[in-house]
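Heads up: the structure comes next, in structure tokens.
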Amino acid sequence: ETGVTQSPTHLIKTRGQQVTLRCSSQSGHNTVSWYQQALGQGPQFIFQYYREEENGRGNFPPRFSGLQFPNYSSELNVNALELDDSALYLCASSQQGLAEAFFGQGTRLTVV
Amino acid sequence: KQEVTQIPAALSVPEGENLVLNCSFTDSAIYNLQWFRQDPGKGLTSLLLIQSSQREQTSGRLNASLDKSSGRSTLYIAASQPGDSATYLCASTTQGGSEKLVFGKGTKLTVNP
């Protein structure tokens, strides 16, 4: 059984650019959630995908968007990057209807 | 809106000490509460999950309790070790299934040899 994997591990982008982060969910899981964690803070919910459709969204602007693929892997896209988007982005997978979420190692995004 | 608070923000203890980390939440209608460990710059490792119908869960030296009526959960770590040094986060869900997790800011634990 493979765990949750995220790529890339680290990324540096320039303000105004666009970025795509990727997540492979744990085997058997059909739900992927994305979180943003600023330094010294707890993770904040961005959105969740279940069966390829958005299933809940946090307080993030539309320039944060996502996709889920038939194999349940997922992408997080951020357009028009701002300096405040610098954070650790975490992906969590779970099985809808069950409670426990499992996280990947995260992608550290730095916007300069 | 669910809010989760963790006290203290940081804790330093000598090796071997038993300790308790606290987590409080404002909405008692939670579905479950999950404790995580996070090493610096890393992802989250799930430690314990307590469903709303349960009062506690145990794994090795860790014991987590849940009191919905008072809006509190505690994580008890027995016989602490330097390898336990990390940030501990609690998170709740207030809807069924895999709905969003609402996190506290965490407690940074340092266990000194």
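All residue names refer to the structure tokens as shown: chains lettered A, B, ... in order, residues numbered from 1 in each chain, ligands numbered from 1 in order.
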> Would you list which chain B residues are within 8 Å of chain A using only C-alpha atoms, as a ChimeraX atom specification?
Replying inline: /B:32,34,41-46,49,51,89,96-106
Residues at most 6 Å from Ala86 of chain B, counting only C-alpha atoms, excluding those fewer than 4 positions away in the same chain, as a short mmCIF file (atom, residue, chain, number, x, y, z; two decimals) with N, CA, C and O atoms, in the first residue's frame?
data_model
loop_
_atom_site.label_atom_id
_atom_site.label_comp_id
_atom_site.auth_asym_id
_atom_site.auth_seq_id
_atom_site.Cartn_x
_atom_site.Cartn_y
_atom_site.Cartn_z
N GLN B 38 3.99 16.80 13.49
CA GLN B 38 4.66 17.42 12.35
C GLN B 38 6.11 17.74 12.73
O GLN B 38 6.35 18.51 13.66
N ASP B 39 7.05 17.16 12.01
CA ASP B 39 8.45 17.51 12.17
C ASP B 39 8.74 18.73 11.30
O ASP B 39 8.04 18.99 10.32
N LYS B 108 4.41 23.14 20.13
CA LYS B 108 5.77 22.70 19.82
C LYS B 108 6.39 22.09 21.06
O LYS B 108 6.59 22.78 22.06
N LEU B 109 6.68 20.81 21.00
CA LEU B 109 7.22 20.07 22.14
C LEU B 109 8.71 19.83 21.96
O LEU B 109 9.15 19.37 20.90
#
Enumerate, in order of chain and increasing residue number, the residues of segment 58-109 of chain B with an atom no farther than 12 Å from segment 21-28 of chain B, each with its shortest atom pair and distance in Å to one decimal, counting only C-alpha atoms, as a Markdown table.
| residue | atom | partner | partner_atom | distance |
| --- | --- | --- | --- | --- |
| B:Leu62 | CA | B:Leu21 | CA | 10.9 |
| B:Asn63 | CA | B:Leu21 | CA | 10.5 |
| B:Ala64 | CA | B:Leu21 | CA | 9.4 |
| B:Ser65 | CA | B:Asn22 | CA | 10.0 |
| B:Leu66 | CA | B:Cys23 | CA | 9.4 |
| B:Asp67 | CA | B:Ser28 | CA | 8.8 |
| B:Lys68 | CA | B:Ser28 | CA | 5.3 |
| B:Ser69 | CA | B:Ser28 | CA | 6.4 |
| B:Ser70 | CA | B:Ser28 | CA | 7.7 |
| B:Gly71 | CA | B:Phe25 | CA | 5.1 |
| B:Arg72 | CA | B:Ser24 | CA | 4.4 |
| B:Ser73 | CA | B:Cys23 | CA | 5.1 |
| B:Thr74 | CA | B:Asn22 | CA | 4.7 |
| B:Leu75 | CA | B:Leu21 | CA | 5.1 |
| B:Tyr76 | CA | B:Leu21 | CA | 6.5 |
| B:Ile77 | CA | B:Leu21 | CA | 8.2 |
| B:Ala78 | CA | B:Leu21 | CA | 11.5 |
| B:Thr87 | CA | B:Leu21 | CA | 10.7 |
| B:Tyr88 | CA | B:Leu21 | CA | 8.2 |
| B:Leu89 | CA | B:Cys23 | CA | 8.6 |
| B:Cys90 | CA | B:Cys23 | CA | 6.5 |
| B:Ala91 | CA | B:Cys23 | CA | 8.7 |
| B:Ser92 | CA | B:Phe25 | CA | 7.9 |
| B:Thr93 | CA | B:Asp27 | CA | 9.8 |
| B:Thr94 | CA | B:Asp27 | CA | 7.7 |
| B:Gln95 | CA | B:Asp27 | CA | 11.1 |
| B:Val102 | CA | B:Phe25 | CA | 9.4 |
| B:Phe103 | CA | B:Phe25 | CA | 9.6 |
| B:Gly104 | CA | B:Cys23 | CA | 7.6 |
| B:Lys105 | CA | B:Cys23 | CA | 9.9 |
| B:Gly106 | CA | B:Cys23 | CA | 8.8 |
| B:Thr107 | CA | B:Leu21 | CA | 7.3 |
| B:Lys108 | CA | B:Leu21 | CA | 9.8 |
| B:Leu109 | CA | B:Leu21 | CA | 9.2 |
